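One structure below.
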Amino acid sequence: MKVLISTDIEGVAGVYHHEQARQGNPEYERARVLMAQEANAAIAGAFDAGATEVLVNDSHGGFRNMPPDVLDARARVVQGKPRYLSMVAGVEEGVDALCMVGYHSRAQGRGILAHTINSFAFASISLGDQELGEAGLYGALAGEYGVPVVMGSGDDVFISENQALFPQATFVQTKKATGFNSGVSLSPEQSRQAIRAGVIEALAAPANARPLVFKGPQIVTLRTQSPMMADLFCQWPSFERVDGVTLRFSADSVEAAVRMLNCCSAMSAMLR
C-alpha cells in the first residue's frame, strides 16, 4: 500500500493568523514545525496501518515549509514549485490513497484563514455548478489518477464543506472556527494523536473509498477578488468575461483546469 499525504498549514492545530503562514517572522518558524509534526503523525499512522511506502507533499505557499530534517525519515518528501500537480504531486507515482492534513475551508467561508489557492486573487472557483475549495479541486485531480481521498484534517468548517464530496473519508477536527482569525483548538499533542488514529482508521479498508471524478471537459467559473485581477487574467484568450469579476473558461480535464488556475495565481503577483 502506497500513501500520499498532502499537507497544508492553515488547518494545523494552533494556527490562526496570516503571520503564522507567511515566511519571515518568528510565528511562522514555529508553525512550520507544528505542520511537520502533524505530517509526522499522519506518516506514522500510515505505516501503522501497513503502508509500504509514504510520500509527504509540502502543499503550502512556496511548497518548502516543513524542515526536511524534522520529518519522519521513512517518508519521501515532495517540495518546491512550480510543479504540474501542485498539492497532489506524487499522485502520479501509483499511490493507493490520499490523506489531506492541515487543510482549510474555501474562500468566502467562515473557516479559519479560509481561501482557495490564492486569497489575493480568487474569491471562488466552480467546476460546472459545484463550488470547490482546495480539497475538492485537488481531490478531483487525484480522482483523475484513480486515487481516493481517504482522510482529511482541519477545522469544523473544512469538514462540513467536504464530507459530502468524500463520504467514505475519515475526518479529524483539529479546531473549531469562531472567526477568520479565531477558534478553539486541540493541543498540538492531542491533534497529532487524533491524526495518527484517523489515518489508521482511514487505511483499514482503503478499497471502500471511491475517487472523486468529474467526467469530461470542465467548464470553470472563476470569481476574482477585483475587476483589476479579472482584467489581468483576461489577457489569456481562453477566458470569457462574464461580468466585472467573473470569468469562465473550458478545460479538457481537472488537471488542465488546475494548471490554468495556478498559472493565474502566479500572474497575480504582478499586481501585488
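To be explicit about the labels: the chains of the C-alpha cells are called A, B, and onward in the order shown, and within each one the residues are counted from 1, while ligands get numbers from 1 in the order they are shown.
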Contacts between segment 16-34 of chain A and segment 178-265 of chain A, please, where a residue of segment 178-265 of chain A counts if it comes within 10 Å (with only C-alpha atoms); show its shortest atom pair and distance in Å to one decimal, rows by chain and ascending number, as a Markdown table.
```
| residue | atom | partner | partner_atom | distance |
| --- | --- | --- | --- | --- |
| A:Gly179 | CA | A:Tyr16 | CA | 9.2 |
| A:Phe180 | CA | A:Tyr16 | CA | 7.7 |
| A:Asn181 | CA | A:Tyr16 | CA | 4.9 |
| A:Ser182 | CA | A:Tyr16 | CA | 5.8 |
| A:Gly183 | CA | A:Tyr16 | CA | 7.4 |
| A:Val184 | CA | A:Tyr16 | CA | 9.7 |
| A:Ser185 | CA | A:Tyr16 | CA | 9.5 |
| A:Pro188 | CA | A:Leu34 | CA | 7.2 |
| A:Glu189 | CA | A:Leu34 | CA | 9.8 |
| A:Arg192 | CA | A:Leu34 | CA | 9.4 |
```
**Message:** Env of Leu71 of chain A: 10 Å cut, atoms = only C-alpha atoms, seq-sep filter 5 positions within chain, self excluded. Answer as a ChimeraX atom specification.
**Reply:** /A:33,35-41,43,56,66,76-77
Exercise. Measuring atom to atom with only C-alpha atoms, identify which of A:Asp96, A:Asp129, A:Glu161, A:Glu10 is nearest to Ile117 of chain A.
Key: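 Distance minimum relative to Ile117 of chain A lands on A:Glu10.
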Within 10 Å of segment 199-202 of chain A: each segment 113-157 of chain A residue with its shortest pair, only C-alpha atoms, as a tab-separated table:
```
residue	atom	partner	partner_atom	distance
A:Val149	CA	A:Ala202	CA	9.4
A:Val150	CA	A:Ala202	CA	5.6
A:Met151	CA	A:Ala202	CA	6.0
A:Gly152	CA	A:Val199	CA	8.7
A:Ser153	CA	A:Val199	CA	9.8
```
Would you put the residues from that selection into a file with C-alpha atoms, as an mmCIF file, in the first residue's frame?
```
data_model
loop_
_atom_site.group_PDB
_atom_site.id
_atom_site.type_symbol
_atom_site.label_atom_id
_atom_site.label_comp_id
_atom_site.auth_asym_id
_atom_site.auth_seq_id
_atom_site.Cartn_x
_atom_site.Cartn_y
_atom_site.Cartn_z
ATOM 1 C CA VAL A 149 -9.211 10.889 -0.609
ATOM 2 C CA VAL A 150 -9.436 8.690 2.487
ATOM 3 C CA MET A 151 -8.687 11.171 5.270
ATOM 4 C CA GLY A 152 -8.704 14.905 5.979
ATOM 5 C CA SER A 153 -7.886 17.112 8.969
#
```
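In terms of minimum interatomic distance to Gly90 of chain A, A:Asn57 ranks closest within A:Thr178, A:Ser253, A:Asn57, A:Ser265, counting only C-alpha atoms.
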Open item on the list: Can you pull out every residue from segment 51-187 of chain A that DSSP, working from the backbone, puts in alpha helix (DSSP H), and format the result as a PyMOL selection string?
Closed with: chain A and resi 134-144+156-162
I need the chosen residues saved as an mmCIF file, in the first residue's frame, with C-alpha atoms.
```cif
data_model
loop_
_atom_site.group_PDB
_atom_site.id
_atom_site.type_symbol
_atom_site.label_atom_id
_atom_site.label_comp_id
_atom_site.auth_asym_id
_atom_site.auth_seq_id
_atom_site.Cartn_x
_atom_site.Cartn_y
_atom_site.Cartn_z
ATOM 1 C CA GLU A 134 -8.644 23.278 -2.423
ATOM 2 C CA ALA A 135 -9.697 19.902 -1.028
ATOM 3 C CA GLY A 136 -12.363 19.491 -3.710
ATOM 4 C CA LEU A 137 -10.174 20.689 -6.568
ATOM 5 C CA TYR A 138 -7.198 18.548 -5.650
ATOM 6 C CA GLY A 139 -9.359 15.620 -4.600
ATOM 7 C CA ALA A 140 -10.866 15.710 -8.104
ATOM 8 C CA LEU A 141 -7.394 15.941 -9.634
ATOM 9 C CA ALA A 142 -6.330 12.882 -7.625
ATOM 10 C CA GLY A 143 -9.541 11.228 -8.800
ATOM 11 C CA GLU A 144 -8.410 11.532 -12.416
ATOM 12 C CA ASP A 156 -15.029 22.172 11.549
ATOM 13 C CA VAL A 157 -15.919 24.343 8.530
ATOM 14 C CA PHE A 158 -13.445 22.491 6.311
ATOM 15 C CA ILE A 159 -15.016 19.223 7.391
ATOM 16 C CA SER A 160 -18.617 20.340 6.838
ATOM 17 C CA GLU A 161 -17.750 21.577 3.328
ATOM 18 C CA ASN A 162 -16.097 18.347 2.247
#
```
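Taking atom CA of Asp243 of chain A as the reference point, atom CA of Cys264 of chain A is found at 17.6 Å.
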Residue with the minimum atom-to-atom distance to Thr174 of chain A, picked from A:Ala205, A:Ala46, A:Met229, A:Ile112 with only C-alpha atoms counted, is A:Ile112
Backbone DSSP call of strand (DSSP E or B) for segment 32-259 of chain A, listed as a PyMOL selection string: chain A and resi 53-58+76-78+97-103+122-127+130-131+149-155+170-179+182-185+218-224+240-241+246-251
Check: Gln79 of chain A: which residues within 6 Å, counting only C-alpha atoms, same-chain residues fewer than 5 positions away excluded, as a PyMOL selection string?
Finding: chain A and resi 58+63-64
Write the selection just made, keeping C-alpha atoms, as a PDB file, in the first residue's frame?
```
ATOM      1  CA  ASP A  58       4.512  20.097   1.241  1.00  0.00           C
ATOM      2  CA  PHE A  63       5.881  24.424  -1.045  1.00  0.00           C
ATOM      3  CA  ARG A  64       9.049  24.442   1.060  1.00  0.00           C
TER       4      ARG A  64
END
```
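Proximity of A:Arg196, A:Arg248, A:Arg272, A:His60 to Ile219 of chain A, computed with only C-alpha atoms, is greatest for A:Arg248.
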